[in-house]
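Q: Have a look at this one before I ask anything.
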Amino acid sequence: MKTPLFLVISVLFLSNARAQEGRVVIEQDPRISELLEVYKSVNSKTGFYQIQVGFKSNDEAAQRLYDQVRVDFPGWHAEIKFFQPTYRVRVGKFKDALEAERKYLEVRKKYPNAMLLKPEQTGN
């Protein structure tokens, strides 16, 4: 007797149950957008720590070193920069010194002559 009564009551309650429907409205302070713009501006003017793996006097040798660095450190930013008269192969784009130092120690195992370069500040 209890089971059929429970079943009938359950069906009645479940037939009236509906999923909640609603709409979310986010009201944002307009100063947040201004703050984000300031943050982007400041970050665009700060440089990154990089690790210079080596330098070569010609572009073919620099390209070979670059290719090897890409194999040794996949997923890392790598680039060749030309500063008269050498091509410099650099790896990484690190925001803070601690992360850069850790990665530098890792790179030094493979490239003992590597150098950690501090970020360059750009003008206002």
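By convention here, the chains of the structure tokens are called A, B, ... in the order presented, each chain's residues are numbered starting at 1, and ligands are numbered starting at 1 in the order presented.
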If you count only C-alpha atoms, which residues fall within 12 Å of Gln68 in chain A, apart from same-chain ones fewer than 4 positions away, as a VMD selection string?
A: chain A and resid 53 to 54 61 to 64 72 to 74 78 to 79 89 to 91 110 to 111
Q: Suppose we keep C-alpha atoms; can you now write the selection as a short mmCIF file (atom, residue, chain, number, x, y, z; two decimals), in the first residue's frame?
A:
```cif
data_model
loop_
_atom_site.label_atom_id
_atom_site.label_comp_id
_atom_site.auth_asym_id
_atom_site.auth_seq_id
_atom_site.Cartn_x
_atom_site.Cartn_y
_atom_site.Cartn_z
CA VAL A 53 72.38 30.16 -26.07
CA GLY A 54 75.14 31.29 -28.40
CA ALA A 61 75.48 28.51 -38.48
CA ALA A 62 73.01 30.54 -36.43
CA GLN A 63 70.12 28.78 -38.17
CA ARG A 64 71.61 25.36 -37.34
CA ASP A 72 66.21 20.61 -27.29
CA PHE A 73 63.55 22.94 -25.86
CA PRO A 74 60.28 22.34 -27.74
CA ALA A 78 63.27 30.93 -29.67
CA GLU A 79 64.66 33.58 -32.00
CA VAL A 89 70.34 32.75 -30.73
CA ARG A 90 68.05 33.35 -27.77
CA VAL A 91 65.48 31.21 -26.07
CA LYS A 110 73.07 21.47 -22.65
CA TYR A 111 74.73 24.79 -23.52
#
```
Q: Name all residues at most 12 Å from Glu60 in chain A (count only C-alpha atoms; drop same-chain ones fewer than 6 positions away) and give them as an NGL selection string.
A: :A and (66-67 or 80 or 86-89)
Q: Would you mind exporting the chosen residues as a PDB file, in the first residue's frame, restricted to N, CA and C atoms?
A:
```pdb
ATOM      1  N   TYR A  66      69.855  27.466 -33.945  1.00  0.00           N
ATOM      2  CA  TYR A  66      68.449  27.738 -33.677  1.00  0.00           C
ATOM      3  C   TYR A  66      67.612  26.461 -33.817  1.00  0.00           C
ATOM      4  N   ASP A  67      67.843  25.723 -34.900  1.00  0.00           N
ATOM      5  CA  ASP A  67      67.111  24.470 -35.124  1.00  0.00           C
ATOM      6  C   ASP A  67      67.378  23.475 -33.996  1.00  0.00           C
ATOM      7  N   ILE A  80      66.344  34.317 -33.495  1.00  0.00           N
ATOM      8  CA  ILE A  80      67.683  34.743 -33.905  1.00  0.00           C
ATOM      9  C   ILE A  80      67.634  36.256 -34.044  1.00  0.00           C
ATOM     10  N   THR A  86      77.280  39.837 -35.389  1.00  0.00           N
ATOM     11  CA  THR A  86      76.949  38.452 -35.066  1.00  0.00           C
ATOM     12  C   THR A  86      75.434  38.202 -35.032  1.00  0.00           C
ATOM     13  N   TYR A  87      75.097  36.943 -35.213  1.00  0.00           N
ATOM     14  CA  TYR A  87      73.723  36.460 -35.064  1.00  0.00           C
ATOM     15  C   TYR A  87      73.635  35.800 -33.696  1.00  0.00           C
ATOM     16  N   ARG A  88      72.691  36.230 -32.897  1.00  0.00           N
ATOM     17  CA  ARG A  88      72.568  35.712 -31.538  1.00  0.00           C
ATOM     18  C   ARG A  88      71.303  34.866 -31.430  1.00  0.00           C
ATOM     19  N   VAL A  89      71.468  33.673 -30.897  1.00  0.00           N
ATOM     20  CA  VAL A  89      70.345  32.751 -30.732  1.00  0.00           C
ATOM     21  C   VAL A  89      69.885  32.836 -29.282  1.00  0.00           C
TER      22      VAL A  89
END
```
Q: List every residue of chain A that DSSP, applied to the backbone of this structure, assigns to strand (DSSP E or B), and report them as a PyMOL selection string.
A: chain A and resi 49-56+78-83+86-94+115-117
Q: Among range 55-121 of chain A, which ones does DSSP place in alpha helix (DSSP H), written as a PyMOL selection string?
A: chain A and resi 59-72+97-110
Q: What does the distance from CA of Ala100 in chain A to CA of Lys81 in chain A come to in Å, to one decimal?
A: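 Interatomic distance here is 19.1 Å.
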Q: Provide the CA of Arg102 in chain A to CA of Val42 in chain A distance in Å, to one decimal place.
A: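 Rounded to one decimal, the two atoms are 25.0 Å apart.
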Q: Just give me the gap between CA of Ile51 in chain A and CA of Lys93 in chain A in Å, one decimal is fine.
A: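 So the answer is 8.4 Å.
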Q: If you count only C-alpha atoms, which residues fall within 12 Å of Ala97 in chain A, apart from same-chain ones fewer than 6 positions away, as a PDB file with N, CA and C atoms, in the first residue's frame?
A:
```
ATOM      1  N   GLY A  47      60.173  44.332 -20.557  1.00  0.00           N
ATOM      2  CA  GLY A  47      60.733  43.270 -21.367  1.00  0.00           C
ATOM      3  C   GLY A  47      60.659  41.929 -20.656  1.00  0.00           C
ATOM      4  N   PHE A  48      61.308  40.969 -21.253  1.00  0.00           N
ATOM      5  CA  PHE A  48      61.341  39.623 -20.721  1.00  0.00           C
ATOM      6  C   PHE A  48      62.783  39.205 -20.501  1.00  0.00           C
ATOM      7  N   TYR A  49      62.973  38.328 -19.540  1.00  0.00           N
ATOM      8  CA  TYR A  49      64.275  37.686 -19.402  1.00  0.00           C
ATOM      9  C   TYR A  49      64.408  36.696 -20.547  1.00  0.00           C
ATOM     10  N   GLN A  50      65.606  36.625 -21.109  1.00  0.00           N
ATOM     11  CA  GLN A  50      65.885  35.655 -22.165  1.00  0.00           C
ATOM     12  C   GLN A  50      67.217  34.988 -21.871  1.00  0.00           C
ATOM     13  N   ILE A  51      67.411  33.853 -22.503  1.00  0.00           N
ATOM     14  CA  ILE A  51      68.674  33.133 -22.359  1.00  0.00           C
ATOM     15  C   ILE A  51      69.342  33.115 -23.726  1.00  0.00           C
ATOM     16  N   LYS A 103      65.097  28.145 -15.534  1.00  0.00           N
ATOM     17  CA  LYS A 103      65.240  27.702 -16.921  1.00  0.00           C
ATOM     18  C   LYS A 103      66.689  27.843 -17.391  1.00  0.00           C
ATOM     19  N   TYR A 104      67.343  28.876 -16.906  1.00  0.00           N
ATOM     20  CA  TYR A 104      68.747  29.099 -17.253  1.00  0.00           C
ATOM     21  C   TYR A 104      69.605  27.915 -16.799  1.00  0.00           C
ATOM     22  N   LEU A 116      72.231  34.462 -19.171  1.00  0.00           N
ATOM     23  CA  LEU A 116      70.911  34.967 -18.826  1.00  0.00           C
ATOM     24  C   LEU A 116      70.902  36.472 -19.067  1.00  0.00           C
ATOM     25  N   LEU A 117      69.948  36.930 -19.876  1.00  0.00           N
ATOM     26  CA  LEU A 117      69.852  38.353 -20.210  1.00  0.00           C
ATOM     27  C   LEU A 117      68.678  38.978 -19.484  1.00  0.00           C
ATOM     28  N   LYS A 118      68.928  40.104 -18.846  1.00  0.00           N
ATOM     29  CA  LYS A 118      67.868  40.825 -18.147  1.00  0.00           C
ATOM     30  C   LYS A 118      66.996  41.547 -19.155  1.00  0.00           C
ATOM     31  N   PRO A 119      65.738  41.843 -18.766  1.00  0.00           N
ATOM     32  CA  PRO A 119      64.842  42.511 -19.708  1.00  0.00           C
ATOM     33  C   PRO A 119      65.295  43.935 -20.006  1.00  0.00           C
TER      34      PRO A 119
END
```
Q: Smallest atom-to-atom distance to Asn113 in chain A: which of A:Phe55, A:Trp76, A:Phe82, A:Phe94, using only C-alpha atoms?
A: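 Looking at the shortest contact to Asn113 in chain A, the residue is A:Phe55.
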